[in-house]
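Single-structure report; data block below.
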Amino acid sequence: MADKVITEEDFISELESGMTIGVGGWGSRRKPMSLVRAIIRSGVTDLTIVSYGGPEIGILSATKQLKKAVYGFVSLDSIALEPHFRVARQTGTIEAVEFDEGAFYLGLLAASHRVPFYPTRAGLGSDMLAMNPELRTIVSPYPEPGGGEGETLVAIPAFDLDLSIIHMNRADAGGNGQFLGPDLYFDDLFAMAAKRTFMSCEKVIPTENFLNEGSVHTLKIPRIFVDGVIEAPMGAHFTECLPDYSRDEAFQKMYAATAADKELWDIFNEKYLQAGSHEEYLAAVNSWEQGL
Amino acid sequence: MMRADICVAAIADCFRGEADILCNPIGISPIIGGRLAKATFSPDVVMTDAVSVLATNPLPLNDPDAERTVESYVPYRTIFDIVWSGRRHVMMGATQIDQYGNQNIAAIGDYKKPKAQLLGLRGSPGNLINHRTSYWVPKHSQRSFVSEVDIVSGPGYDRMRALGQPGNRFHDVHRVVSNLGVFDFETPENRMRIRSIHPGVEMSEVIENTSFDLVIPTEVDQTRVPNEEELRIMEIIDPTGMRYQEVPE
């Protein structure tokens, strides 16, 4: 089994301006935040982020590296709307492509299965189509039961991802990933949908130890879809990564407040985002928690 | 009798008579009401713990450590599958709602550069086109009950008439519960009708706080008050009284 363990610097060398990047997790849950900070440090710009959005969309819009966001929602869970995303939308600094939450899943699924679209009823009658003029409908080639005309459905296009980043509880050096929390979310699809996928994890463990950690049902990321593994303990901080740790609500609240105050944002950016390595970030978080 | 308790019972009544569906209320009073319905007259609906499992017992709000009797596993992907299967009745909030039941939780102003970004479309487009939906509006006013919504996240009956068959066949906006009354769309043109007014609320108050003309039946019922058993169960689900903050007296 090839060893796919790489460093953050290796990951940074994979990045280019203008890329479309899928980000796993859900809202403020199991987000690959150490890799998001690596993207910030890399300085690449004009990015498109595709995600069930959380802080990655807010932060990258605040650092002005985000050109376009494709999302089912953008939330911090305990804070219903991501505050930097709110600012970006109300000042018109990013392009927004918004899908019904379930329809978003179909865009990932279509890319994973290499078909151009998946059909759904979601969006008919709502303003989702008006908000996204490039979306198309399709007439079913099959008649309705009873002989009526084929039904018109919305064709959700495959999300064409250059790269995906996901965060798992455990992984092996070969690139197999294990989630131990309540929900995989759509991380397997992000891995399948992208040309290249990079997976951070709380801990790299020997393959033979996987079943000591959780049942076979937790082994949902096969290594054939993973190009690099980055070990990053607390790598999802400040988002939750159950059962390893819950959300750091105090830190998230402090982050959220930076959306309304340029000075606070500059401090946050310098102290936590430009901090350097993941270890340096954790040290900065630790000193914040000590009140230093 | 507290208004918040009356609202919760009215929300529970939205799920009366239902079985073998995912009862999926979103928000404080809706979750209390849904769990109340399941604990009393609608035992055969299933409900989530708001994380990833279906639990049979009435769980307290926002208590991750509460003991759960788990009957099934429903990660988000399964929730979407259930939405598309139609075996679901959702109750959502509405920042704006109009006379045909069009809902806006997306944004105020122009979508491209909104005056106020709200939650977004979320799951509304898929919910409305696939299964029964009810709404909860804790602050009934001319700003929430509007003549026209800025953005349609959840389509109402006029949009569905325009869409036509067969696409509209699963659309069903069932009830709207506000802090003033209960409303439905059981009228020839599916315009919003007063179904009942909460005790202590005057008809004039409902009319003045609504930007469009409600259909008013010749006799308007009063919303029922919850019984002692229901009040006891509400306390189990909401021991800290979050419902009284959502609907102050």
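In the structure tokens, the first chain shown is A, the next is B, and so on; residue numbers restart at 1 for each chain, and ligands run from 1 in the order shown.
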### Task
Could you list, as a ChimeraX atom specification, the residues of chain A having an atom within 9 Å of chain B when counting only C-alpha atoms?
/A:72-75,80-81,85-87,89-93,95-96,98-103,105,120-128,131,144,148-153,182-186
Just to be explicit: take each residue in the selection above, keep C-alpha atoms, and write the result as a short mmCIF file (atom, residue, chain, number, x, y, z; two decimals), in the first residue's frame.
```cif
data_model
loop_
_atom_site.label_atom_id
_atom_site.label_comp_id
_atom_site.auth_asym_id
_atom_site.auth_seq_id
_atom_site.Cartn_x
_atom_site.Cartn_y
_atom_site.Cartn_z
CA GLY A 72 -26.76 24.45 0.23
CA PHE A 73 -26.48 26.85 3.18
CA VAL A 74 -23.76 28.76 5.06
CA SER A 75 -24.17 28.40 8.82
CA ALA A 80 -27.65 30.44 12.28
CA LEU A 81 -26.03 32.54 9.52
CA PHE A 85 -20.82 35.38 4.61
CA ARG A 86 -23.65 37.75 5.54
CA VAL A 87 -21.31 40.71 5.05
CA ARG A 89 -23.57 38.86 0.42
CA GLN A 90 -24.84 42.25 1.58
CA THR A 91 -21.86 44.06 0.11
CA GLY A 92 -21.91 41.95 -3.05
CA THR A 93 -18.25 40.89 -2.88
CA GLU A 95 -20.78 35.38 -6.44
CA ALA A 96 -23.35 33.10 -4.85
CA GLU A 98 -27.41 28.64 -3.95
CA PHE A 99 -29.10 25.27 -4.12
CA ASP A 100 -31.84 23.59 -2.14
CA GLU A 101 -29.99 21.51 0.48
CA GLY A 102 -31.09 18.18 -0.97
CA ALA A 103 -30.49 19.29 -4.56
CA TYR A 105 -26.40 16.47 -2.65
CA THR A 120 -35.14 16.28 -9.00
CA ARG A 121 -38.42 18.05 -8.32
CA ALA A 122 -36.68 20.36 -5.83
CA GLY A 123 -36.66 23.92 -7.14
CA LEU A 124 -39.84 23.80 -9.25
CA GLY A 125 -42.08 26.72 -8.33
CA SER A 126 -39.54 28.32 -5.98
CA ASP A 127 -37.09 31.11 -6.88
CA MET A 128 -34.16 28.68 -6.99
CA MET A 131 -31.66 32.85 -8.78
CA GLU A 144 -46.51 9.20 -16.41
CA GLY A 148 -49.71 11.44 -19.19
CA GLU A 149 -46.83 13.43 -20.60
CA GLY A 150 -43.37 13.09 -19.07
CA GLU A 151 -42.80 15.19 -15.98
CA THR A 152 -40.56 18.26 -16.08
CA LEU A 153 -37.74 18.07 -13.54
CA PRO A 182 -22.84 10.85 14.42
CA ASP A 183 -22.83 11.56 10.66
CA LEU A 184 -20.48 11.10 7.71
CA TYR A 185 -22.28 14.04 6.05
CA PHE A 186 -21.29 13.92 2.35
#
```
### Backbone DSSP call of strand (DSSP E) for range 34-86 of chain A, listed as number ranges by chain
A: 47-53, 66-74
Could you write out that same residue set with C-alpha atoms as a PDB file, in the first residue's frame?
```pdb
ATOM      1  CA  LEU A  47     -11.357  30.402  -5.589  1.00  0.00           C
ATOM      2  CA  THR A  48     -14.722  28.730  -5.929  1.00  0.00           C
ATOM      3  CA  ILE A  49     -15.760  26.865  -2.775  1.00  0.00           C
ATOM      4  CA  VAL A  50     -18.422  24.166  -3.004  1.00  0.00           C
ATOM      5  CA  SER A  51     -19.806  23.017   0.351  1.00  0.00           C
ATOM      6  CA  TYR A  52     -22.514  22.594   2.920  1.00  0.00           C
ATOM      7  CA  GLY A  53     -21.051  25.851   4.070  1.00  0.00           C
ATOM      8  CA  LEU A  66     -13.128  33.671  -2.522  1.00  0.00           C
ATOM      9  CA  LYS A  67     -14.643  34.554  -5.871  1.00  0.00           C
ATOM     10  CA  LYS A  68     -17.673  32.313  -5.809  1.00  0.00           C
ATOM     11  CA  ALA A  69     -19.516  30.128  -3.316  1.00  0.00           C
ATOM     12  CA  VAL A  70     -21.688  27.183  -4.342  1.00  0.00           C
ATOM     13  CA  TYR A  71     -23.684  25.977  -1.354  1.00  0.00           C
ATOM     14  CA  GLY A  72     -26.761  24.446   0.232  1.00  0.00           C
ATOM     15  CA  PHE A  73     -26.478  26.854   3.177  1.00  0.00           C
ATOM     16  CA  VAL A  74     -23.758  28.756   5.059  1.00  0.00           C
TER      17      VAL A  74
END
```
### Query
Could you write out, as a ChimeraX atom specification, all the residues of range 165-277 of chain A that DSSP marks as helix (DSSP H, G or I)?
/A:187-193,207-213,216-218,223-225,249-260,262-273
### Query
Residues at most 6 Å from range 236-243 of chain A, counting only C-alpha atoms, excluding those fewer than 2 positions away in the same chain, as a PyMOL selection string?
chain A and resi 28-33+181+234+245-248
### Query
Any idea what's packed within 8 Å of range 4-7 of chain A, counting only C-alpha atoms, ignoring anything in its chain fewer than 5 positions away? Could you give it as a ChimeraX atom specification?
/A:173-175,227-231
### Message
List the spatial neighbours of Ala39 in chain B as a PyMOL selection string - criterion: any atom at most 9 Å away, only C-alpha atoms, same-chain residues fewer than 2 positions off excluded.
### Response
chain B and resi 34-37+41-43+56-58+230+233
Do a neighbour search on range 193-204 of chain B at 10 Å with only C-alpha atoms, toss out local chain neighbours closer than 5 positions, and write the hits as an mmCIF file with N, CA and C atoms, in the first residue's frame.
```
data_model
loop_
_atom_site.group_PDB
_atom_site.id
_atom_site.type_symbol
_atom_site.label_atom_id
_atom_site.label_comp_id
_atom_site.auth_asym_id
_atom_site.auth_seq_id
_atom_site.Cartn_x
_atom_site.Cartn_y
_atom_site.Cartn_z
ATOM 1 N N MET B 1 -54.060 30.766 31.465
ATOM 2 C CA MET B 1 -53.401 29.986 30.403
ATOM 3 C C MET B 1 -52.433 30.863 29.602
ATOM 4 N N MET B 2 -51.206 30.407 29.444
ATOM 5 C CA MET B 2 -50.190 31.200 28.735
ATOM 6 C C MET B 2 -50.355 31.045 27.221
ATOM 7 N N ARG B 3 -50.151 32.135 26.499
ATOM 8 C CA ARG B 3 -50.288 32.103 25.038
ATOM 9 C C ARG B 3 -49.325 31.095 24.417
ATOM 10 N N ILE B 6 -50.692 27.646 24.446
ATOM 11 C CA ILE B 6 -51.762 27.498 23.449
ATOM 12 C C ILE B 6 -51.152 27.307 22.058
ATOM 13 N N CYS B 7 -50.108 28.070 21.774
ATOM 14 C CA CYS B 7 -49.433 27.944 20.473
ATOM 15 C C CYS B 7 -48.853 26.545 20.301
ATOM 16 N N ALA B 10 -51.504 24.126 19.536
ATOM 17 C CA ALA B 10 -51.990 24.335 18.160
ATOM 18 C C ALA B 10 -51.015 23.735 17.150
ATOM 19 N N GLN B 99 -50.514 35.429 1.063
ATOM 20 C CA GLN B 99 -51.867 34.844 1.157
ATOM 21 C C GLN B 99 -51.969 33.462 0.511
ATOM 22 N N TYR B 100 -51.057 33.119 -0.392
ATOM 23 C CA TYR B 100 -51.087 31.781 -0.998
ATOM 24 C C TYR B 100 -50.102 30.830 -0.324
ATOM 25 N N ARG B 175 -50.968 24.028 7.419
ATOM 26 C CA ARG B 175 -51.406 25.018 8.410
ATOM 27 C C ARG B 175 -50.327 26.083 8.575
ATOM 28 N N VAL B 176 -50.780 27.263 8.993
ATOM 29 C CA VAL B 176 -49.864 28.291 9.479
ATOM 30 C C VAL B 176 -50.319 28.598 10.910
ATOM 31 N N VAL B 177 -49.394 28.457 11.844
ATOM 32 C CA VAL B 177 -49.713 28.816 13.236
ATOM 33 C C VAL B 177 -48.907 30.071 13.568
ATOM 34 N N SER B 178 -49.584 31.084 14.109
ATOM 35 C CA SER B 178 -48.873 32.282 14.574
ATOM 36 C C SER B 178 -49.197 32.492 16.054
ATOM 37 N N ASN B 179 -48.647 33.534 16.620
ATOM 38 C CA ASN B 179 -48.956 33.834 18.021
ATOM 39 C C ASN B 179 -50.384 34.362 18.193
ATOM 40 N N LEU B 180 -51.070 34.620 17.045
ATOM 41 C CA LEU B 180 -52.443 35.127 17.134
ATOM 42 C C LEU B 180 -53.506 34.094 16.763
ATOM 43 N N GLY B 181 -53.156 33.154 15.897
ATOM 44 C CA GLY B 181 -54.180 32.203 15.482
ATOM 45 C C GLY B 181 -53.637 31.075 14.623
ATOM 46 N N VAL B 182 -54.587 30.297 14.080
ATOM 47 C CA VAL B 182 -54.254 29.178 13.193
ATOM 48 C C VAL B 182 -54.935 29.436 11.853
ATOM 49 N N PHE B 183 -54.209 29.171 10.778
ATOM 50 C CA PHE B 183 -54.687 29.500 9.436
ATOM 51 C C PHE B 183 -54.530 28.295 8.527
ATOM 52 N N ASP B 184 -55.428 28.171 7.509
ATOM 53 C CA ASP B 184 -55.267 27.112 6.514
ATOM 54 C C ASP B 184 -55.562 27.692 5.133
ATOM 55 N N PHE B 185 -55.604 26.828 4.125
ATOM 56 C CA PHE B 185 -55.805 27.281 2.751
ATOM 57 C C PHE B 185 -56.986 26.550 2.124
ATOM 58 N N GLU B 186 -57.929 26.130 2.974
ATOM 59 C CA GLU B 186 -59.068 25.338 2.512
ATOM 60 C C GLU B 186 -60.166 26.243 1.960
ATOM 61 N N THR B 187 -59.817 26.961 0.897
ATOM 62 C CA THR B 187 -60.725 27.887 0.223
ATOM 63 C C THR B 187 -60.631 27.601 -1.274
ATOM 64 N N ASN B 209 -52.899 43.161 11.730
ATOM 65 C CA ASN B 209 -51.503 42.723 11.653
ATOM 66 C C ASN B 209 -51.200 41.881 10.414
ATOM 67 N N ASP B 213 -55.804 40.463 2.580
ATOM 68 C CA ASP B 213 -57.149 40.139 3.074
ATOM 69 C C ASP B 213 -57.241 38.652 3.368
ATOM 70 N N LEU B 214 -57.448 38.327 4.630
ATOM 71 C CA LEU B 214 -57.661 36.933 5.011
ATOM 72 C C LEU B 214 -59.083 36.516 4.673
ATOM 73 N N VAL B 215 -59.272 35.259 4.333
ATOM 74 C CA VAL B 215 -60.629 34.735 4.188
ATOM 75 C C VAL B 215 -61.164 34.491 5.604
ATOM 76 N N ILE B 216 -62.337 35.093 5.883
ATOM 77 C CA ILE B 216 -62.898 34.992 7.236
ATOM 78 C C ILE B 216 -64.204 34.202 7.164
ATOM 79 N N PRO B 217 -64.227 33.024 7.772
ATOM 80 C CA PRO B 217 -65.475 32.247 7.751
ATOM 81 C C PRO B 217 -66.557 32.935 8.564
ATOM 82 N N GLU B 219 -68.362 31.832 10.959
ATOM 83 C CA GLU B 219 -68.121 31.619 12.392
ATOM 84 C C GLU B 219 -66.671 31.238 12.608
ATOM 85 N N VAL B 220 -65.975 32.007 13.433
ATOM 86 C CA VAL B 220 -64.557 31.730 13.679
ATOM 87 C C VAL B 220 -64.394 31.033 15.024
ATOM 88 N N ASP B 221 -63.759 29.872 14.994
ATOM 89 C CA ASP B 221 -63.541 29.110 16.228
ATOM 90 C C ASP B 221 -62.448 29.746 17.070
ATOM 91 N N GLN B 222 -62.450 29.381 18.344
ATOM 92 C CA GLN B 222 -61.350 29.740 19.216
ATOM 93 C C GLN B 222 -60.397 28.536 19.281
ATOM 94 N N THR B 223 -59.079 28.804 19.249
ATOM 95 C CA THR B 223 -58.092 27.732 19.375
ATOM 96 C C THR B 223 -58.271 27.062 20.737
ATOM 97 N N ARG B 224 -58.160 25.746 20.764
ATOM 98 C CA ARG B 224 -58.362 25.026 22.033
ATOM 99 C C ARG B 224 -57.209 25.303 22.995
ATOM 100 N N VAL B 225 -57.471 25.120 24.266
ATOM 101 C CA VAL B 225 -56.399 25.251 25.257
ATOM 102 C C VAL B 225 -55.897 23.850 25.600
#
```
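Distances from B:Asp44, B:Glu67, B:Asp238, B:Glu249 to Arg16 in chain B were compared using only C-alpha atoms, and the smallest one belongs to B:Asp44.
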### Query
Which of these residues is nearest to Arg68 in chain B, using only C-alpha atoms: B:Ser85, B:Thr210, B:Thr48, B:Ser144?
B:Thr48
